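Peer 1: My structure is in work_12.pdb, and what it holds is PDB, C-alpha atoms:
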```
ATOM      1  CA  MET A   6       0.099  14.279   6.104
ATOM      2  CA  GLU A   7       0.857  10.796   7.369
ATOM      3  CA  VAL A   8       1.318   7.999   4.851
ATOM      4  CA  LYS A   9       0.494   4.448   5.891
ATOM      5  CA  LEU A  10       0.877   1.075   4.224
ATOM      6  CA  VAL A  11      -1.557  -1.539   5.527
ATOM      7  CA  THR A  12      -0.879  -5.146   4.598
ATOM      8  CA  VAL A  13      -2.671  -8.391   5.335
ATOM      9  CA  GLY A  14      -0.250 -10.915   6.791
ATOM     10  CA  LYS A  15       3.271 -10.581   8.109
ATOM     11  CA  THR A  16       6.319 -10.091   5.927
ATOM     12  CA  ASP A  17       8.241 -13.244   6.761
ATOM     13  CA  VAL A  18      10.424 -13.884   3.704
ATOM     14  CA  PRO A  19      13.800 -12.605   5.000
ATOM     15  CA  TRP A  20      15.079 -10.884   1.849
ATOM     16  CA  VAL A  21      11.679  -9.284   1.181
ATOM     17  CA  LYS A  22      11.517  -8.071   4.786
ATOM     18  CA  GLU A  23      15.030  -6.639   4.552
ATOM     19  CA  GLY A  24      14.150  -4.714   1.394
ATOM     20  CA  LEU A  25      10.906  -3.462   2.890
ATOM     21  CA  GLU A  26      12.684  -2.249   6.035
ATOM     22  CA  LEU A  27      15.261  -0.441   3.895
ATOM     23  CA  TYR A  28      12.642   1.553   1.968
ATOM     24  CA  VAL A  29      10.477   2.191   5.029
ATOM     25  CA  SER A  30      13.495   3.748   6.754
ATOM     26  CA  ARG A  31      14.245   5.853   3.674
ATOM     27  CA  LEU A  32      10.629   6.998   3.360
ATOM     28  CA  ARG A  33      10.638   8.323   6.915
ATOM     29  CA  HIS A  34      13.128  10.990   5.807
ATOM     30  CA  TYR A  35      10.419  12.489   3.584
ATOM     31  CA  VAL A  36       7.093  11.898   5.308
ATOM     32  CA  PRO A  37       5.637  10.438   8.509
ATOM     33  CA  PHE A  38       5.322   6.833   7.325
ATOM     34  CA  SER A  39       4.014   3.742   9.077
ATOM     35  CA  LEU A  40       3.656   0.101   8.135
ATOM     36  CA  VAL A  41       0.779  -1.872   9.643
ATOM     37  CA  GLU A  42       0.811  -5.628   9.182
ATOM     38  CA  ILE A  43      -2.529  -7.222  10.001
ATOM     39  CA  PRO A  44      -1.984 -10.796  11.246
ATOM     40  CA  GLN A  45      -3.221 -13.747   9.202
ATOM     41  CA  LEU A  46      -6.640 -14.989  10.262
ATOM     42  CA  LYS A  47      -6.665 -17.960  12.575
ATOM     43  CA  ASN A  48      -8.462 -21.074  11.273
ATOM     44  CA  ALA A  49      -8.726 -19.515   7.819
ATOM     45  CA  SER A  50      -8.867 -22.969   6.229
ATOM     46  CA  ALA A  51     -12.339 -23.390   7.756
ATOM     47  CA  LEU A  52     -13.586 -20.202   6.050
ATOM     48  CA  SER A  53     -14.737 -19.533   2.503
ATOM     49  CA  GLN A  54     -12.851 -17.032   0.352
ATOM     50  CA  GLU A  55     -15.700 -14.543   0.823
ATOM     51  CA  GLN A  56     -15.588 -14.961   4.614
ATOM     52  CA  ILE A  57     -11.831 -14.405   4.569
ATOM     53  CA  ARG A  58     -12.238 -11.237   2.466
ATOM     54  CA  GLU A  59     -14.934  -9.944   4.845
ATOM     55  CA  LYS A  60     -12.946 -10.607   8.029
ATOM     56  CA  GLU A  61      -9.738  -9.181   6.572
ATOM     57  CA  GLY A  62     -11.729  -6.208   5.286
ATOM     58  CA  GLU A  63     -13.019  -5.442   8.780
ATOM     59  CA  LEU A  64      -9.442  -5.449  10.098
ATOM     60  CA  VAL A  65      -8.244  -3.222   7.247
ATOM     61  CA  LEU A  66     -11.027  -0.698   7.797
ATOM     62  CA  LYS A  67     -10.100  -0.440  11.491
ATOM     63  CA  GLN A  68      -6.807   1.071  10.299
ATOM     64  CA  VAL A  69      -8.574   3.836   8.366
ATOM     65  CA  ALA A  70      -9.666   7.049  10.049
ATOM     66  CA  PRO A  71     -12.358   9.451   8.845
ATOM     67  CA  GLY A  72     -10.700  11.904   6.481
ATOM     68  CA  ASP A  73      -8.091   9.408   5.275
ATOM     69  CA  THR A  74      -7.639   8.888   1.551
ATOM     70  CA  VAL A  75      -7.637   5.133   0.886
ATOM     71  CA  VAL A  76      -5.794   3.688  -2.099
ATOM     72  CA  LEU A  77      -5.928  -0.025  -2.882
ATOM     73  CA  LEU A  78      -3.082  -1.779  -4.634
ATOM     74  CA  ASP A  79      -5.201  -3.771  -7.035
ATOM     75  CA  GLU A  80      -4.596  -5.504 -10.354
ATOM     76  CA  ARG A  81      -7.496  -3.541 -11.865
ATOM     77  CA  GLY A  82      -6.050  -0.207 -10.782
ATOM     78  CA  LYS A  83      -4.441   2.542 -12.826
ATOM     79  CA  GLU A  84      -0.827   2.055 -13.836
ATOM     80  CA  TYR A  85       1.641   4.937 -13.702
ATOM     81  CA  ARG A  86       5.103   5.636 -15.006
ATOM     82  CA  SER A  87       7.370   6.710 -12.144
ATOM     83  CA  VAL A  88       7.221  10.431 -12.970
ATOM     84  CA  GLU A  89       3.426  10.279 -13.303
ATOM     85  CA  TRP A  90       3.251   8.429  -9.981
ATOM     86  CA  ALA A  91       5.361  11.108  -8.305
ATOM     87  CA  ASP A  92       3.046  13.789  -9.704
ATOM     88  CA  TRP A  93       0.011  11.881  -8.382
ATOM     89  CA  ILE A  94       1.613  11.541  -4.934
ATOM     90  CA  GLY A  95       2.423  15.258  -4.943
ATOM     91  CA  ARG A  96      -1.200  16.131  -5.728
ATOM     92  CA  GLN A  97      -2.457  13.870  -2.940
ATOM     93  CA  LEU A  98      -0.128  15.484  -0.422
ATOM     94  CA  ALA A  99      -1.104  18.968  -1.603
ATOM     95  CA  ARG A 100      -4.799  18.140  -1.107
ATOM     96  CA  GLY A 101      -4.144  17.736   2.559
ATOM     97  CA  GLY A 102      -6.354  15.632   4.733
ATOM     98  CA  LYS A 103      -5.603  13.384   7.621
ATOM     99  CA  GLY A 104      -3.699  10.578   5.986
ATOM    100  CA  LEU A 105      -2.944   8.690   2.833
ATOM    101  CA  VAL A 106      -3.504   4.960   3.374
ATOM    102  CA  PHE A 107      -2.324   2.373   0.856
ATOM    103  CA  VAL A 108      -3.615  -1.180   1.265
ATOM    104  CA  VAL A 109      -2.220  -4.512   0.088
ATOM    105  CA  GLY A 110      -4.925  -7.140   0.476
ATOM    106  CA  GLY A 111      -4.687 -10.811   1.252
ATOM    107  CA  ALA A 112      -4.544 -13.721  -1.170
ATOM    108  CA  TYR A 113      -8.247 -13.429  -2.043
ATOM    109  CA  GLY A 114      -8.355  -9.680  -2.525
ATOM    110  CA  PHE A 115     -10.607  -7.093  -0.918
ATOM    111  CA  SER A 116     -14.146  -7.194   0.418
ATOM    112  CA  GLN A 117     -16.763  -4.977  -1.193
ATOM    113  CA  LYS A 118     -16.748  -2.743   1.909
ATOM    114  CA  VAL A 119     -13.046  -2.053   1.392
ATOM    115  CA  TYR A 120     -13.615  -1.293  -2.304
ATOM    116  CA  ASP A 121     -16.465   1.029  -1.320
ATOM    117  CA  ARG A 122     -14.204   2.953   1.094
ATOM    118  CA  ALA A 123     -11.360   3.305  -1.411
ATOM    119  CA  GLU A 124     -10.926   6.470  -3.419
ATOM    120  CA  SER A 125      -8.417   5.032  -5.882
ATOM    121  CA  LEU A 126      -7.063   1.759  -7.212
ATOM    122  CA  VAL A 127      -3.416   1.571  -8.261
ATOM    123  CA  SER A 128      -1.708  -1.283 -10.078
ATOM    124  CA  LEU A 129       2.043  -1.752  -9.871
ATOM    125  CA  SER A 130       2.048  -3.916 -12.986
ATOM    126  CA  ARG A 131      -0.110  -6.070 -15.188
ATOM    127  CA  MET A 132       1.976  -8.952 -13.875
ATOM    128  CA  THR A 133       1.061 -10.711 -10.650
ATOM    129  CA  PHE A 134       3.481 -10.458  -7.717
ATOM    130  CA  SER A 135       3.335 -12.286  -4.413
ATOM    131  CA  HIS A 136       1.601 -10.284  -1.690
ATOM    132  CA  GLN A 137       4.877 -10.108   0.197
ATOM    133  CA  MET A 138       6.902  -8.833  -2.771
ATOM    134  CA  VAL A 139       4.299  -6.161  -3.538
ATOM    135  CA  ARG A 140       5.102  -4.501  -0.202
ATOM    136  CA  THR A 141       8.756  -3.979  -1.061
ATOM    137  CA  ILE A 142       8.093  -3.028  -4.690
ATOM    138  CA  PHE A 143       5.493  -0.492  -3.564
ATOM    139  CA  ALA A 144       7.741   0.968  -0.845
ATOM    140  CA  GLU A 145      10.548   1.408  -3.380
ATOM    141  CA  GLN A 146       8.203   3.113  -5.852
ATOM    142  CA  LEU A 147       6.882   5.429  -3.146
ATOM    143  CA  TYR A 148      10.455   6.270  -2.150
ATOM    144  CA  ARG A 149      11.291   6.889  -5.824
ATOM    145  CA  ALA A 150       8.306   9.257  -6.063
ATOM    146  CA  PHE A 151       9.561  11.325  -3.150
ATOM    147  CA  THR A 152      13.052  11.561  -4.640
ATOM    148  CA  ILE A 153      11.514  12.747  -7.919
ATOM    149  CA  LEU A 154       9.408  15.341  -6.084
ATOM    150  CA  LYS A 155      12.526  16.590  -4.271
ATOM    151  CA  GLY A 156      14.607  16.657  -7.443
ATOM    152  CA  GLU A 157      17.088  14.134  -6.052
ATOM    153  CA  PRO A 158      19.226  11.982  -8.374
ATOM    154  CA  TYR A 159      17.788   8.538  -7.521
ATOM    155  CA  HIS A 160      15.554   8.330 -10.613
ATOM    156  CA  HIS A 161      17.032   8.553 -14.113
ATOM    157  CA  GLU A 162      14.915   9.261 -17.145
TER
END
```
For the file at hand, write its structure as structure tokens.
Peer 2:
Amino acid sequence: MEVKLVTVGKTDVPWVKEGLELYVSRLRHYVPFSLVEIPQLKNASALSQEQIREKEGELVLKQVAPGDTVVLLDERGKEYRSVEWADWIGRQLARGGKGLVFVVGGAYGFSQKVYDRAESLVSLSRMTFSHQMVRTIFAEQLYRAFTILKGEPYHHE
């Protein structure tokens, strides 16, 4: 099963990008993994927040194929401890299917169409992180999950 992380906007903070690239390269040792960065909308300042959500949502949904499991990284989502997260990832992979697609939305969140397509909402924390930092934090947590599933010594509990 392919795992994909779809983000709205480029990762342009150098140290965040470096961390993201590190964990993306590590993830590829465990699973076919891809990162898709949807470019920022042009002339977004002329659009309402709802219009931005709708346009970004259309671009996000173009990255999702029929049969994909879509998981939104959302502040209202379920929180997991790392071992619980690894178990959840393991169950998703065991279910099979075409792909597992995680989505980090833009500054104004997701459109209703994206919420309707999602099968799960996951929260990394009750705290708010920048949309760029979420990418690296998520990639590290996904990497941690795979090391837990493989019984490797990265995670200590």
Peer 1: Which is closer to Arg131 in chain A than all the others in A:Val108, A:Leu78, A:Leu64, A:Leu27, using all atoms listed in the file?
Peer 2: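 Checking each of A:Val108, A:Leu78, A:Leu64, A:Leu27 against Arg131 in chain A, counting all atoms listed in the file, the winner is A:Leu78.
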Peer 1: Point out the residue among A:Ala150, A:Val11, A:Val18, A:Val139 with the least atom-to-atom distance to Ala91 in chain A, counting only C-alpha atoms.
Peer 2: A:Ala150
Peer 1: Please report the interatomic distance between CA of Gln137 in chain A and CA of Arg81 in chain A in Å with one decimal.
Peer 2: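 Taking CA of Gln137 in chain A as the start and CA of Arg81 in chain A as the end point, the length is 18.5 Å.
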Peer 1: For Ile94 in chain A, please output as an MDAnalysis selection string all residues within 10 Å (counting all atoms listed in the file; exclusion window: fewer than 6 positions along the same chain).
Peer 2: chainID A and resid 88 100 105 147 150:151 154
Peer 1: Check the smallest atom-to-atom distance from each of A:Ser116, A:Gln97, A:Ser135, A:Thr141 to Leu66 in chain A using all atoms listed in the file, then report the winner.
Peer 2: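 Of A:Ser116, A:Gln97, A:Ser135, A:Thr141, the one nearest Leu66 in chain A is A:Ser116, counting all atoms listed in the file.
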Peer 1: Once the PyMOL selection byres ((chain A and resi 77) around 10) has been applied to the shown file, what residues remain in the selection, as a tab-separated table (two decimals) with C-alpha atoms, in the coordinates of the input?
Peer 2:
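Printed below is expr_0.tsv as written:
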```
chain	number	residue	atom	x	y	z
A	10	LEU	CA	0.88	1.08	4.22
A	11	VAL	CA	-1.56	-1.54	5.53
A	75	VAL	CA	-7.64	5.13	0.89
A	76	VAL	CA	-5.79	3.69	-2.10
A	78	LEU	CA	-3.08	-1.78	-4.63
A	79	ASP	CA	-5.20	-3.77	-7.04
A	80	GLU	CA	-4.60	-5.50	-10.35
A	81	ARG	CA	-7.50	-3.54	-11.86
A	82	GLY	CA	-6.05	-0.21	-10.78
A	106	VAL	CA	-3.50	4.96	3.37
A	107	PHE	CA	-2.32	2.37	0.86
A	108	VAL	CA	-3.62	-1.18	1.26
A	109	VAL	CA	-2.22	-4.51	0.09
A	110	GLY	CA	-4.92	-7.14	0.48
A	114	GLY	CA	-8.36	-9.68	-2.52
A	115	PHE	CA	-10.61	-7.09	-0.92
A	119	VAL	CA	-13.05	-2.05	1.39
A	120	TYR	CA	-13.62	-1.29	-2.30
A	122	ARG	CA	-14.20	2.95	1.09
A	123	ALA	CA	-11.36	3.30	-1.41
A	124	GLU	CA	-10.93	6.47	-3.42
A	125	SER	CA	-8.42	5.03	-5.88
A	126	LEU	CA	-7.06	1.76	-7.21
A	127	VAL	CA	-3.42	1.57	-8.26
A	128	SER	CA	-1.71	-1.28	-10.08
```
Peer 1: Report the centre and edge lengths, in Å to one decimal, of an axis-aligned box enclosing every atom of range 108-124 of chain A listed in the file, padded by 4 Å on each side, as lines of an AutoDock Vina configuration file.
Peer 2:
```
center_x = -9.5
center_y = -3.6
center_z = -0.8
size_x = 22.5
size_y = 28.2
size_z = 13.3
```
Peer 1: Evaluating the PyMOL selection byres ((chain A and resi 72) around 10) on the displayed file yields which residues, as a ChimeraX atom specification?
Peer 2: /A:69-71,73-75,101-105
Peer 1: Dump C-alpha atoms for the selected residues as an mmCIF file, keeping the file's coordinate frame?
Peer 2:
```
data_model
loop_
_atom_site.group_PDB
_atom_site.id
_atom_site.type_symbol
_atom_site.label_atom_id
_atom_site.label_comp_id
_atom_site.auth_asym_id
_atom_site.auth_seq_id
_atom_site.Cartn_x
_atom_site.Cartn_y
_atom_site.Cartn_z
ATOM 1 C CA VAL A 69 -8.574 3.836 8.366
ATOM 2 C CA ALA A 70 -9.666 7.049 10.049
ATOM 3 C CA PRO A 71 -12.358 9.451 8.845
ATOM 4 C CA ASP A 73 -8.091 9.408 5.275
ATOM 5 C CA THR A 74 -7.639 8.888 1.551
ATOM 6 C CA VAL A 75 -7.637 5.133 0.886
ATOM 7 C CA GLY A 101 -4.144 17.736 2.559
ATOM 8 C CA GLY A 102 -6.354 15.632 4.733
ATOM 9 C CA LYS A 103 -5.603 13.384 7.621
ATOM 10 C CA GLY A 104 -3.699 10.578 5.986
ATOM 11 C CA LEU A 105 -2.944 8.690 2.833
#
```
Peer 1: How would you write, as a list of chain:residue names, the residues chosen by the PyMOL selection byres ((chain A and resi 37) around 12) on this structure?
Peer 2: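 Given this file, the PyMOL selection byres ((chain A and resi 37) around 12) evaluates to A:Met6, A:Glu7, A:Val8, A:Lys9, A:Leu10, A:Val29, A:Ser30, A:Arg31, A:Leu32, A:Arg33, A:His34, A:Tyr35, A:Val36, A:Phe38, A:Ser39, A:Leu40, A:Leu98, A:Lys103, A:Gly104, A:Leu105, A:Val106.
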Peer 1: What does the distance between CA of Glu145 in chain A and CA of Glu63 in chain A come to in Å, to one decimal place?
Peer 2: 27.4 Å
Peer 1: For each of A:Gln45, A:Thr16, A:Gln56, A:Ser87, take the minimum atom-to-atom distance to Tyr148 in chain A, counting all atoms listed in the file, then give the residue where this is smallest.
Peer 2: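 Nearest candidate to Tyr148 in chain A out of A:Gln45, A:Thr16, A:Gln56, A:Ser87: A:Ser87.
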Peer 1: Do you have the CA of His160 in chain A-CA of Gln146 in chain A distance handy?
Peer 2: 10.2 Å
Peer 1: Rank nothing, just name the residue among A:Ser53, A:Arg96, A:Glu162, A:Val13 nearest to Val41 in chain A, using all atoms listed in the file.
Peer 2: A:Val13
Peer 1: Of the candidates A:Lys67, A:Ala112, A:Gly14, A:Lys155, which one gets nearest to Leu46 in chain A if we count only C-alpha atoms?
Peer 2: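 So, comparing all the options, the nearest one is A:Gly14.
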Peer 1: So which residues touch Lys15 in chain A within 7 Å, counting all atoms listed in the file, skipping near sequence neighbours fewer than 2 positions away, as an mmCIF file with C-alpha atoms, keeping the file's coordinate frame?
Peer 2:
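The new file out_35.cif reads:
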```cif
data_model
loop_
_atom_site.group_PDB
_atom_site.id
_atom_site.type_symbol
_atom_site.label_atom_id
_atom_site.label_comp_id
_atom_site.auth_asym_id
_atom_site.auth_seq_id
_atom_site.Cartn_x
_atom_site.Cartn_y
_atom_site.Cartn_z
ATOM 1 C CA VAL A 13 -2.671 -8.391 5.335
ATOM 2 C CA ASP A 17 8.241 -13.244 6.761
ATOM 3 C CA GLU A 42 0.811 -5.628 9.182
ATOM 4 C CA ILE A 43 -2.529 -7.222 10.001
ATOM 5 C CA PRO A 44 -1.984 -10.796 11.246
#
```
